[in-house]
$ cat run.txt   # compact mmCIF, C-alpha atoms
# COMPACT_ATOMS: atom_id res chain seq x y z
CA MET A 1 0.00 0.00 0.00
CA THR A 2 1.42 3.35 -0.99
CA ASN A 3 2.30 5.65 1.89
CA LEU A 4 2.04 9.26 0.80
CA GLU A 5 4.00 10.34 3.87
CA THR A 6 7.20 9.08 2.25
CA LEU A 7 6.88 11.67 -0.51
CA LYS A 8 9.33 14.57 -0.32
CA ARG A 9 7.54 17.79 0.51
CA PRO A 10 8.77 21.13 -0.87
CA ASP A 11 10.15 23.53 1.68
CA LEU A 12 8.09 26.70 1.24
CA SER A 13 8.29 29.83 3.36
CA THR A 14 4.58 30.70 3.41
CA VAL A 15 2.91 27.29 3.15
CA LYS A 16 3.04 24.46 5.67
CA ILE A 17 2.43 20.97 4.30
CA GLU A 18 1.56 18.17 6.70
CA PHE A 19 0.42 14.59 6.40
CA THR A 20 -2.14 14.42 9.19
CA GLN A 21 -3.26 10.81 8.71
CA ALA A 22 -3.02 8.09 6.10
CA ASN A 23 -3.48 9.60 2.65
CA SER A 24 -4.50 12.91 4.17
CA LEU A 25 -2.68 16.10 3.33
CA LYS A 26 -3.12 19.43 5.09
CA LEU A 27 -2.01 22.82 3.75
CA SER A 28 -1.93 25.98 5.82
CA GLY A 29 -0.63 29.52 5.33
CA THR A 30 -0.76 31.48 2.10
CA ILE A 31 0.30 30.93 -1.51
CA THR A 32 1.56 34.14 -3.06
CA SER A 33 4.59 33.12 -5.10
CA LYS A 34 4.49 33.88 -8.80
CA GLU A 35 4.97 30.31 -10.01
CA PRO A 36 3.75 27.95 -7.28
CA ASP A 37 3.30 25.22 -9.89
CA LYS A 38 7.07 24.71 -10.04
CA SER A 39 7.29 23.62 -6.42
CA LEU A 40 3.89 22.95 -4.92
CA GLY A 41 2.28 22.00 -8.21
CA ALA A 42 5.05 19.52 -8.89
CA PHE A 43 4.46 18.06 -5.41
CA PHE A 44 0.74 17.73 -6.11
CA ARG A 45 1.65 15.79 -9.25
CA THR A 46 3.79 13.34 -7.28
CA VAL A 47 0.89 12.83 -4.87
CA HIS A 48 -1.47 12.19 -7.79
CA ASP A 49 0.96 9.75 -9.44
CA ALA A 50 1.47 7.93 -6.14
CA ALA A 51 -2.27 7.69 -5.57
CA VAL A 52 -2.77 6.25 -9.05
CA SER A 53 0.13 3.77 -8.90
CA GLY A 54 -0.81 2.74 -5.35
CA ARG A 55 -4.50 2.42 -6.28
CA LEU A 56 -5.56 4.48 -3.30
CA PRO A 57 -9.34 4.79 -2.87
CA GLU A 58 -9.14 8.40 -1.72
CA VAL A 59 -6.80 11.31 -1.09
CA ARG A 60 -7.95 13.91 1.41
CA LEU A 61 -6.75 17.48 0.97
CA ASP A 62 -7.49 19.79 3.91
CA LEU A 63 -7.25 23.42 2.87
CA ARG A 64 -9.01 25.06 5.83
CA GLY A 65 -5.77 26.62 7.03
CA LEU A 66 -4.95 28.12 3.64
CA THR A 67 -6.19 31.66 4.13
CA PHE A 68 -5.04 33.31 0.90
CA VAL A 69 -4.03 32.02 -2.52
CA ASN A 70 -3.26 33.82 -5.74
CA SER A 71 -4.76 32.90 -9.09
CA SER A 72 -1.75 30.80 -10.02
CA ALA A 73 -2.49 28.64 -7.00
CA ILE A 74 -6.12 28.19 -7.99
CA ARG A 75 -4.88 26.98 -11.36
CA MET A 76 -2.87 24.29 -9.54
CA PHE A 77 -6.04 22.90 -7.98
CA ILE A 78 -7.68 23.05 -11.39
CA ASP A 79 -4.74 21.10 -12.80
CA TRP A 80 -5.14 18.42 -10.14
CA ALA A 81 -8.84 18.08 -10.90
CA MET A 82 -8.01 17.75 -14.60
CA TRP A 83 -5.32 15.06 -14.01
CA LEU A 84 -7.97 13.09 -12.17
CA ALA A 85 -10.65 13.66 -14.79
CA ASN A 86 -8.31 12.64 -17.62
CA GLU A 87 -6.64 9.72 -15.78
CA GLN A 88 -6.76 6.53 -17.85
CA GLY A 89 -5.51 4.33 -15.01
CA HIS A 90 -6.84 4.05 -11.46
CA ARG A 91 -9.10 6.90 -10.45
CA TYR A 92 -9.19 7.78 -6.78
CA ARG A 93 -11.50 10.24 -5.06
CA LEU A 94 -9.99 13.62 -4.26
CA ARG A 95 -11.78 14.91 -1.18
CA VAL A 96 -11.07 18.60 -0.64
CA VAL A 97 -11.98 19.88 2.82
CA THR A 98 -12.77 23.59 2.71
CA SER A 99 -13.86 26.26 5.14
CA PRO A 100 -17.15 28.10 4.51
CA GLN A 101 -15.59 31.11 6.25
CA ILE A 102 -12.81 31.55 3.71
CA THR A 103 -14.17 33.29 0.63
CA TRP A 104 -11.77 31.98 -2.00
CA GLN A 105 -12.48 28.40 -0.96
CA ARG A 106 -16.22 28.87 -0.89
CA VAL A 107 -16.35 30.54 -4.28
CA SER A 108 -13.63 28.73 -6.23
CA PHE A 109 -14.41 25.19 -5.21
CA SER A 110 -18.17 25.59 -5.61
CA THR A 111 -17.51 26.49 -9.22
CA LEU A 112 -14.76 23.92 -9.72
CA ALA A 113 -16.95 21.13 -8.38
CA HIS A 114 -19.43 21.72 -11.19
CA LEU A 115 -16.72 21.61 -13.82
CA ALA A 116 -14.51 18.80 -12.56
CA GLY A 117 -16.71 15.73 -12.31
CA GLU A 118 -17.66 13.10 -9.78
CA HIS A 119 -14.18 12.16 -8.50
CA LEU A 120 -13.73 15.58 -6.95
CA ILE A 121 -15.62 15.83 -3.66
CA ILE A 122 -15.88 19.15 -1.88
CA GLU A 123 -16.47 18.96 1.86
CA ARG A 124 -17.37 22.15 3.73
CA THR A 125 -16.38 21.93 7.36
CA PRO A 126 -15.78 24.87 9.74
CA MET B 1 17.90 56.76 2.01
CA ASN B 2 15.17 58.26 -0.19
CA ARG B 3 13.54 61.62 0.42
CA PHE B 4 11.11 60.12 2.92
CA GLY B 5 13.97 58.94 5.05
CA ARG B 6 13.28 55.35 4.11
CA ASP B 7 15.67 52.68 2.92
CA ALA B 8 15.44 52.74 -0.87
CA THR B 9 16.42 49.07 -1.02
CA SER B 10 13.50 47.91 1.12
CA PRO B 11 11.70 44.74 -0.01
CA LEU B 12 8.72 46.85 -1.01
CA GLY B 13 10.47 48.14 -4.10
CA ARG B 14 13.91 48.89 -5.35
CA ARG B 15 12.98 52.49 -5.93
CA GLY B 16 11.66 52.83 -2.41
CA ALA B 17 8.18 52.68 -0.99
CA SER B 18 6.23 55.86 -0.52
CA LEU B 19 4.04 55.54 2.56
CA ARG B 20 2.09 58.62 3.41
CA PRO B 21 -0.78 57.49 5.61
CA GLY B 22 -3.44 60.08 6.01
CA ALA B 23 -2.44 62.11 2.99
CA PRO B 24 -5.52 63.51 1.25
CA ASP B 25 -6.12 61.99 -2.14
CA GLN B 26 -5.96 64.91 -4.55
CA ARG B 27 -6.52 62.73 -7.58
CA THR B 28 -9.57 60.62 -8.18
CA VAL B 29 -10.54 58.18 -10.87
CA SER B 30 -13.02 60.49 -12.58
CA GLY B 31 -11.56 63.74 -11.25
CA THR B 32 -14.83 64.72 -9.61
CA ALA B 33 -15.29 62.38 -6.63
CA PRO B 34 -14.81 63.60 -3.04
CA VAL B 35 -11.32 63.63 -1.57
CA GLY B 36 -10.45 60.43 0.28
CA GLN B 37 -7.66 59.41 2.59
CA VAL B 38 -4.74 57.60 1.02
CA LEU B 39 -3.98 54.74 3.38
CA VAL B 40 -1.11 53.36 1.33
CA ARG B 41 0.73 54.43 -1.80
CA LEU B 42 3.42 52.08 -3.11
CA MET B 43 5.63 52.45 -6.18
CA PHE B 44 7.42 49.60 -7.91
CA ALA B 45 9.88 49.24 -10.75
CA PRO B 46 8.34 47.08 -13.52
CA GLY B 47 9.63 43.55 -13.34
CA SER B 48 10.56 43.72 -9.67
CA SER B 49 9.43 40.60 -7.83
CA THR B 50 7.65 42.09 -4.89
CA LEU B 51 4.28 40.37 -4.77
CA GLU B 52 4.94 38.06 -1.84
CA SER B 53 6.47 40.65 0.46
CA THR B 54 3.95 43.27 -0.58
CA HIS B 55 1.06 40.94 0.14
CA SER B 56 2.47 40.14 3.58
CA PHE B 57 2.66 43.83 4.37
CA LEU B 58 -0.75 44.77 2.96
CA ALA B 59 -2.54 41.81 4.57
CA ALA B 60 -1.21 42.86 7.95
CA TYR B 61 -1.81 46.56 7.34
CA THR B 62 -5.38 46.21 6.10
CA ALA B 63 -6.20 43.79 8.92
CA ASP B 64 -5.08 46.48 11.32
CA ARG B 65 -6.85 49.39 9.64
CA LEU B 66 -10.04 47.90 8.19
CA PRO B 67 -12.84 45.61 9.41
CA ALA B 68 -11.89 41.94 8.94
CA ALA B 69 -14.35 41.18 6.15
CA VAL B 70 -13.26 44.31 4.26
CA ALA B 71 -9.55 43.70 4.83
CA GLN B 72 -9.69 40.23 3.28
CA ARG B 73 -11.38 41.51 0.14
CA VAL B 74 -9.23 44.60 -0.21
CA SER B 75 -6.10 42.51 0.30
CA LEU B 76 -7.12 40.17 -2.52
CA ALA B 77 -7.88 43.10 -4.81
CA ALA B 78 -4.53 44.72 -4.05
CA TYR B 79 -2.67 41.52 -4.83
CA GLU B 80 -4.47 40.76 -8.08
CA LEU B 81 -4.43 44.35 -9.40
CA LEU B 82 -0.74 44.65 -8.64
CA SER B 83 0.00 41.26 -10.19
CA ASN B 84 -1.89 42.26 -13.33
CA ALA B 85 -0.12 45.63 -13.52
CA MET B 86 3.33 44.08 -13.03
CA ASN B 87 2.64 41.54 -15.76
CA TYR B 88 1.56 44.10 -18.34
CA ALA B 89 3.41 47.29 -17.44
CA SER B 90 5.80 48.85 -19.90
CA LEU B 91 9.32 49.47 -18.71
CA SER B 92 8.88 53.18 -19.30
CA SER B 93 7.48 53.95 -15.84
CA ASP B 94 6.83 52.65 -12.37
CA VAL B 95 3.75 50.79 -11.22
CA VAL B 96 1.79 52.61 -8.51
CA LEU B 97 -0.58 50.89 -6.08
CA GLU B 98 -2.89 52.84 -3.76
CA ILE B 99 -5.51 52.00 -1.19
CA VAL B 100 -7.81 54.95 -0.60
CA GLN B 101 -10.45 55.24 2.10
CA HIS B 102 -13.52 57.39 1.48
CA THR B 103 -16.43 57.82 3.89
CA ASP B 104 -18.65 55.57 1.82
CA ARG B 105 -16.17 53.27 0.03
CA THR B 106 -12.69 51.78 -0.10
CA ILE B 107 -10.75 51.87 -3.36
CA VAL B 108 -7.78 49.85 -4.54
CA ARG B 109 -6.13 51.16 -7.67
CA THR B 110 -3.07 50.65 -9.79
CA ALA B 111 -1.53 52.86 -12.44
CA ASN B 112 1.07 51.93 -15.02
CA ASP B 113 2.10 52.48 -18.61
CA ALA B 114 1.23 49.80 -21.15
CA ILE B 115 1.21 49.32 -24.91
CA ALA B 116 -2.02 49.92 -26.81
CA ALA B 117 -2.65 46.24 -27.52
CA ARG B 118 -2.43 45.34 -23.83
CA ILE B 119 -4.71 48.20 -22.88
CA ALA B 120 -7.29 47.11 -25.43
CA MET B 121 -7.18 43.53 -24.13
CA LEU B 122 -7.50 44.73 -20.56
CA ARG B 123 -10.43 47.00 -21.41
CA GLU B 124 -12.24 44.14 -23.11
CA GLN B 125 -11.72 41.93 -20.08
CA VAL B 126 -12.83 44.56 -17.57
CA ASP B 127 -15.96 45.26 -19.64
CA LYS B 128 -16.74 41.55 -19.70
CA ILE B 129 -16.28 41.24 -15.95
CA ARG B 130 -18.39 44.32 -15.24
CA SER B 131 -21.29 42.98 -17.28
CA ASP B 132 -21.25 39.48 -15.76
CA SER B 133 -18.69 38.80 -13.05
CA GLU B 134 -19.83 35.23 -12.38
CA GLY B 135 -19.86 34.34 -16.07
CA ALA B 136 -16.41 35.86 -16.52
CA PHE B 137 -15.08 33.94 -13.50
CA VAL B 138 -16.42 30.63 -14.78
CA GLN B 139 -15.07 31.37 -18.25
CA GLU B 140 -11.61 32.12 -16.84
CA LEU B 141 -11.68 28.92 -14.78
CA LYS B 142 -12.51 26.99 -17.94
CA ARG B 143 -9.72 28.72 -19.84
CA SER B 144 -7.34 27.75 -17.05
CA MET B 145 -8.50 24.15 -17.41
CA LYS B 146 -7.45 24.13 -21.04
CA GLY B 147 -3.91 24.85 -19.95
CA GLY B 148 -1.38 25.82 -22.56
CA HIS B 149 0.31 29.20 -22.55
CA THR B 150 -2.83 31.33 -22.54
CA ARG B 151 -2.60 33.85 -19.77
CA ALA B 152 -5.98 33.77 -18.19
CA MET B 153 -7.29 36.87 -16.44
CA LEU B 154 -8.58 34.87 -13.55
CA GLY B 155 -7.19 37.34 -11.04
CA LEU B 156 -9.33 40.28 -12.14
CA ALA B 157 -12.39 38.03 -12.38
CA ARG B 158 -11.76 36.95 -8.77
CA VAL B 159 -11.63 40.56 -7.59
CA ALA B 160 -15.12 41.15 -8.97
CA PHE B 161 -16.82 37.82 -8.38
CA GLU B 162 -15.07 36.49 -5.29
CA SER B 163 -14.56 39.75 -3.43
CA GLY B 164 -17.48 41.68 -4.86
CA LEU B 165 -15.51 44.81 -5.77
CA LYS B 166 -16.51 46.88 -8.79
CA LEU B 167 -13.82 47.13 -11.44
CA ASP B 168 -13.17 50.17 -13.59
CA LEU B 169 -10.52 51.18 -16.09
CA GLU B 170 -9.34 54.59 -17.26
CA THR B 171 -6.64 55.49 -19.72
CA THR B 172 -4.73 58.63 -20.57
CA GLY B 173 -2.49 57.90 -23.51
CA GLN B 174 -0.25 55.03 -22.44
CA ARG B 175 -1.22 55.37 -18.79
CA VAL B 176 -3.79 52.88 -17.56
CA ARG B 177 -5.50 53.01 -14.16
CA VAL B 178 -7.47 50.05 -12.86
CA THR B 179 -9.65 50.54 -9.82
CA ALA B 180 -11.54 48.11 -7.61
CA GLU B 181 -14.16 49.73 -5.43
CA LEU B 182 -15.94 48.38 -2.37
CA ARG B 183 -18.87 50.48 -1.24
CA ARG B 184 -19.73 50.60 2.45
CA ASP B 185 -23.24 49.28 1.84
CA GLU B 186 -21.82 46.27 -0.05
CA ARG B 187 -19.65 45.07 2.81
CA ARG B 188 -20.58 41.60 4.02

$ encode --input "run.txt" --output "structure tokens"
Amino acid sequence: MTNLETLKRPDLSTVKIEFTQANSLKLSGTITSKEPDKSLGAFFRTVHDAAVSGRLPEVRLDLRGLTFVNSSAIRMFIDWAMWLANEQGHRYRLRVVTSPQITWQRVSFSTLAHLAGEHLIIERTP
Amino acid sequence: MNRFGRDATSPLGRRGASLRPGAPDQRTVSGTAPVGQVLVRLMFAPGSSTLESTHSFLAAYTADRLPAAVAQRVSLAAYELLSNAMNYASLSSDVVLEIVQHTDRTIVRTANDAIAARIAMLREQVDKIRSDSEGAFVQELKRSMKGGHTRAMLGLARVAFESGLKLDLETTGQRVRVTAELRRDERR
């Protein structure tokens, strides 16, 4: 069984990345760098690839601590949803835990959920 | 040291940051609106990578000066307007960012020089967002999904749809000013 915790996490000054439980990833802080896809986006891709190769049923992404993201960061979440939608191999569920109090999460993921398909699950938890 | 007695090599801009809290705003978008209080005025050299440090400063500053719900929205607008300006500004002049407080509204605005083609593209986008902010936001999300090298204007769409600020654009020759306005009665 693939253990996502063995994956190397990028060292970022404004974002904290934690594995809180099996196959559960938590991000907190802010994403304001110009090209977050080069570091954090690349990490998301390794998580996706590991989830596919390990045939994980679900990956949980807790974003409730992520208080501000720029548009480049939103595109990274879009990318992840698209990798999942276009995956020809094993498709896992990507459960994104969001906060109803944080505007960007409420607005962006409500819209993304409609566009991304059934494997993306948006959970709203305070 | 620059003429304000500040370190000209501060992280807020190689040419120095001009902070004059409380200074009356003598210039307005249309030239006829009431004078407001300039909370922050920052000046950047085009191409300088200052977004992260600037956001850290403005997030803290607006949280201290404005109600929480307003600060979050204004902070987003400041980031996205500045990011847009830095991406499209000509090298011929600095990029200026201001946050101005009026009695009935808070305004975030940027000013920079740009080539005519960029200004036309920006005007088209702002008009689209003003007429249907939700539709523009969804369209920009879809464009982002297509990937490739298309530079989506998701940031400006977020300012309008996500934060609920009203966008406007004015030009004088090569100079383009983008404003995002939050009226007091629209705060939530």

$ closest_residue --input "run.txt" --among "A:Arg60, A:Ala51, A:Val107, A:Thr67" --to "Gly89 of chain A" --atoms "only C-alpha atoms"
A:Ala51

$ residues_around --input "run.txt" --residues "Leu25 of chain A" --least-positions-apart "6" --cutoff "12 Å" --atoms "all atoms listed in the file" --output "count of residues only"
25

$ closest_atom_pairs --input "run.txt" --of "chain A" --to "chain B" --cutoff "10 Å" --atoms "only C-alpha atoms" --output "JSON lines"
{"residue": "A:Thr14", "atom": "CA", "partner": "B:Glu52", "partner_atom": "CA", "distance": 9.0}
{"residue": "A:Thr30", "atom": "CA", "partner": "B:Ser56", "partner_atom": "CA", "distance": 9.4}
{"residue": "A:Ile31", "atom": "CA", "partner": "B:Glu52", "partner_atom": "CA", "distance": 8.5}
{"residue": "A:Thr32", "atom": "CA", "partner": "B:Glu52", "partner_atom": "CA", "distance": 5.3}
{"residue": "A:Ser33", "atom": "CA", "partner": "B:Glu52", "partner_atom": "CA", "distance": 5.9}
{"residue": "A:Lys34", "atom": "CA", "partner": "B:Leu51", "partner_atom": "CA", "distance": 7.6}
{"residue": "A:Thr67", "atom": "CA", "partner": "B:Gln72", "partner_atom": "CA", "distance": 9.3}
{"residue": "A:Phe68", "atom": "CA", "partner": "B:Leu76", "partner_atom": "CA", "distance": 7.9}
{"residue": "A:Val69", "atom": "CA", "partner": "B:Leu76", "partner_atom": "CA", "distance": 8.7}
{"residue": "A:Asn70", "atom": "CA", "partner": "B:Glu80", "partner_atom": "CA", "distance": 7.4}
{"residue": "A:Ser71", "atom": "CA", "partner": "B:Gly155", "partner_atom": "CA", "distance": 5.4}
{"residue": "A:Ser72", "atom": "CA", "partner": "B:Gly155", "partner_atom": "CA", "distance": 8.6}
{"residue": "A:Ile74", "atom": "CA", "partner": "B:Leu141", "partner_atom": "CA", "distance": 8.8}
{"residue": "A:Arg75", "atom": "CA", "partner": "B:Ser144", "partner_atom": "CA", "distance": 6.2}
{"residue": "A:Met76", "atom": "CA", "partner": "B:Ser144", "partner_atom": "CA", "distance": 9.4}
{"residue": "A:Phe77", "atom": "CA", "partner": "B:Met145", "partner_atom": "CA", "distance": 9.8}
{"residue": "A:Ile78", "atom": "CA", "partner": "B:Met145", "partner_atom": "CA", "distance": 6.2}
{"residue": "A:Asp79", "atom": "CA", "partner": "B:Met145", "partner_atom": "CA", "distance": 6.7}
{"residue": "A:Trp80", "atom": "CA", "partner": "B:Met145", "partner_atom": "CA", "distance": 9.8}
{"residue": "A:Ala81", "atom": "CA", "partner": "B:Met145", "partner_atom": "CA", "distance": 8.9}
{"residue": "A:Met82", "atom": "CA", "partner": "B:Met145", "partner_atom": "CA", "distance": 7.0}
{"residue": "A:Ile102", "atom": "CA", "partner": "B:Gln72", "partner_atom": "CA", "distance": 9.2}
{"residue": "A:Thr103", "atom": "CA", "partner": "B:Glu162", "partner_atom": "CA", "distance": 6.8}
{"residue": "A:Trp104", "atom": "CA", "partner": "B:Glu162", "partner_atom": "CA", "distance": 6.5}
{"residue": "A:Gln105", "atom": "CA", "partner": "B:Glu162", "partner_atom": "CA", "distance": 9.5}
{"residue": "A:Arg106", "atom": "CA", "partner": "B:Glu162", "partner_atom": "CA", "distance": 8.9}
{"residue": "A:Val107", "atom": "CA", "partner": "B:Glu162", "partner_atom": "CA", "distance": 6.2}
{"residue": "A:Ser108", "atom": "CA", "partner": "B:Glu162", "partner_atom": "CA", "distance": 7.9}
{"residue": "A:Thr111", "atom": "CA", "partner": "B:Val138", "partner_atom": "CA", "distance": 7.0}
{"residue": "A:Leu112", "atom": "CA", "partner": "B:Leu141", "partner_atom": "CA", "distance": 7.8}
{"residue": "A:Leu115", "atom": "CA", "partner": "B:Lys142", "partner_atom": "CA", "distance": 8.0}
{"residue": "A:Ala116", "atom": "CA", "partner": "B:Met145", "partner_atom": "CA", "distance": 9.4}

$ residues_near_point --input "run.txt" --point "(-16.6, 19.4, -3.3)" --cutoff "7 Å" --atoms "all atoms listed in the file" --output "list in words"
Arg95, Val96, Phe109, Ser110, Ala113, Leu120, Ile121, Ile122 and Glu123 of chain A

$ write_last_selection --input "run.txt" --atoms "C-alpha atoms" --output "short mmCIF file (atom, residue, chain, number, x, y, z; two decimals), keeping the file's coordinate frame"
data_model
loop_
_atom_site.label_atom_id
_atom_site.label_comp_id
_atom_site.auth_asym_id
_atom_site.auth_seq_id
_atom_site.Cartn_x
_atom_site.Cartn_y
_atom_site.Cartn_z
CA ARG A 95 -11.78 14.91 -1.18
CA VAL A 96 -11.07 18.60 -0.64
CA PHE A 109 -14.41 25.19 -5.21
CA SER A 110 -18.17 25.59 -5.61
CA ALA A 113 -16.95 21.13 -8.38
CA LEU A 120 -13.73 15.58 -6.95
CA ILE A 121 -15.62 15.83 -3.66
CA ILE A 122 -15.88 19.15 -1.88
CA GLU A 123 -16.47 18.96 1.86
#

$ residues_near_point --input "run.txt" --point "(-3.2, 7.6, -5.8)" --cutoff "9 Å" --atoms "only C-alpha atoms" --output "ChimeraX atom specification"
/A:2,4,23,47-59,90-93

$ residues_around --input "run.txt" --residues "segment 98-111 of chain B" --least-positions-apart "6" --cutoff "7 Å" --atoms "only C-alpha atoms" --output "list in words"
Gly36, Gln37, Val38, Leu39, Val40, Arg41, Leu42, Val74, Ala77, Ala78, Leu81, Leu82, Ala85, Arg175, Val176, Arg177, Val178, Thr179, Ala180, Glu181, Leu182, Arg183 and Arg184 of chain B

$ closest_residue --input "run.txt" --among "A:Gln21, A:His119, A:Thr98, A:Leu66" --to "Ala85 of chain A" --atoms "only C-alpha atoms"
A:His119

$ atom_distance --input "run.txt" --atom1 "atom CA of Gln174 of chain B" --atom2 "atom CA of Asp113 of chain B"
5.2 Å

$ atom_distance --input "run.txt" --atom1 "atom CA of Lys38 of chain A" --atom2 "atom CA of Trp83 of chain A"
16.2 Å

$ atom_distance --input "run.txt" --atom1 "atom CA of Ala114 of chain B" --atom2 "atom CA of Gly173 of chain B"
9.2 Å

$ decode --input "run.txt" --residues "segment 63-82 of chain B" --atoms "N, CA and C atoms" --output "PDB file, in the first residue's frame"
ATOM      1  N   ALA B  63      -5.559  44.441   7.771  1.00  0.00           N
ATOM      2  CA  ALA B  63      -6.196  43.789   8.922  1.00  0.00           C
ATOM      3  C   ALA B  63      -6.201  44.716  10.128  1.00  0.00           C
ATOM      4  N   ASP B  64      -5.189  45.549  10.201  1.00  0.00           N
ATOM      5  CA  ASP B  64      -5.083  46.479  11.322  1.00  0.00           C
ATOM      6  C   ASP B  64      -5.966  47.707  11.136  1.00  0.00           C
ATOM      7  N   ARG B  65      -6.169  48.126   9.890  1.00  0.00           N
ATOM      8  CA  ARG B  65      -6.852  49.388   9.635  1.00  0.00           C
ATOM      9  C   ARG B  65      -8.318  49.255   9.235  1.00  0.00           C
ATOM     10  N   LEU B  66      -8.697  48.077   8.729  1.00  0.00           N
ATOM     11  CA  LEU B  66     -10.042  47.900   8.185  1.00  0.00           C
ATOM     12  C   LEU B  66     -10.759  46.760   8.899  1.00  0.00           C
ATOM     13  N   PRO B  67     -12.108  46.761   8.860  1.00  0.00           N
ATOM     14  CA  PRO B  67     -12.842  45.607   9.411  1.00  0.00           C
ATOM     15  C   PRO B  67     -12.401  44.322   8.717  1.00  0.00           C
ATOM     16  N   ALA B  68     -12.438  43.205   9.432  1.00  0.00           N
ATOM     17  CA  ALA B  68     -11.885  41.939   8.936  1.00  0.00           C
ATOM     18  C   ALA B  68     -12.427  41.535   7.569  1.00  0.00           C
ATOM     19  N   ALA B  69     -13.742  41.618   7.412  1.00  0.00           N
ATOM     20  CA  ALA B  69     -14.348  41.184   6.147  1.00  0.00           C
ATOM     21  C   ALA B  69     -13.892  42.087   4.998  1.00  0.00           C
ATOM     22  N   VAL B  70     -13.710  43.358   5.275  1.00  0.00           N
ATOM     23  CA  VAL B  70     -13.255  44.314   4.259  1.00  0.00           C
ATOM     24  C   VAL B  70     -11.778  44.078   3.952  1.00  0.00           C
ATOM     25  N   ALA B  71     -10.997  43.870   4.992  1.00  0.00           N
ATOM     26  CA  ALA B  71      -9.545  43.699   4.827  1.00  0.00           C
ATOM     27  C   ALA B  71      -9.225  42.531   3.906  1.00  0.00           C
ATOM     28  N   GLN B  72      -9.941  41.421   4.088  1.00  0.00           N
ATOM     29  CA  GLN B  72      -9.689  40.228   3.279  1.00  0.00           C
ATOM     30  C   GLN B  72      -9.938  40.531   1.800  1.00  0.00           C
ATOM     31  N   ARG B  73     -11.007  41.221   1.529  1.00  0.00           N
ATOM     32  CA  ARG B  73     -11.384  41.510   0.145  1.00  0.00           C
ATOM     33  C   ARG B  73     -10.450  42.549  -0.480  1.00  0.00           C
ATOM     34  N   VAL B  74     -10.131  43.562   0.286  1.00  0.00           N
ATOM     35  CA  VAL B  74      -9.226  44.601  -0.213  1.00  0.00           C
ATOM     36  C   VAL B  74      -7.832  44.020  -0.454  1.00  0.00           C
ATOM     37  N   SER B  75      -7.405  43.147   0.425  1.00  0.00           N
ATOM     38  CA  SER B  75      -6.099  42.508   0.303  1.00  0.00           C
ATOM     39  C   SER B  75      -6.017  41.675  -0.976  1.00  0.00           C
ATOM     40  N   LEU B  76      -7.085  40.952  -1.274  1.00  0.00           N
ATOM     41  CA  LEU B  76      -7.117  40.172  -2.515  1.00  0.00           C
ATOM     42  C   LEU B  76      -7.058  41.100  -3.722  1.00  0.00           C
ATOM     43  N   ALA B  77      -7.855  42.170  -3.685  1.00  0.00           N
ATOM     44  CA  ALA B  77      -7.877  43.105  -4.806  1.00  0.00           C
ATOM     45  C   ALA B  77      -6.506  43.728  -5.023  1.00  0.00           C
ATOM     46  N   ALA B  78      -5.851  44.116  -3.941  1.00  0.00           N
ATOM     47  CA  ALA B  78      -4.525  44.721  -4.055  1.00  0.00           C
ATOM     48  C   ALA B  78      -3.545  43.743  -4.701  1.00  0.00           C
ATOM     49  N   TYR B  79      -3.588  42.509  -4.264  1.00  0.00           N
ATOM     50  CA  TYR B  79      -2.669  41.515  -4.831  1.00  0.00           C
ATOM     51  C   TYR B  79      -2.922  41.333  -6.320  1.00  0.00           C
ATOM     52  N   GLU B  80      -4.171  41.101  -6.681  1.00  0.00           N
ATOM     53  CA  GLU B  80      -4.468  40.762  -8.078  1.00  0.00           C
ATOM     54  C   GLU B  80      -4.278  41.962  -9.003  1.00  0.00           C
ATOM     55  N   LEU B  81      -4.637  43.164  -8.552  1.00  0.00           N
ATOM     56  CA  LEU B  81      -4.432  44.349  -9.396  1.00  0.00           C
ATOM     57  C   LEU B  81      -2.936  44.598  -9.595  1.00  0.00           C
ATOM     58  N   LEU B  82      -2.174  44.440  -8.519  1.00  0.00           N
ATOM     59  CA  LEU B  82      -0.736  44.652  -8.641  1.00  0.00           C
ATOM     60  C   LEU B  82      -0.108  43.581  -9.533  1.00  0.00           C
TER      61      LEU B  82
END
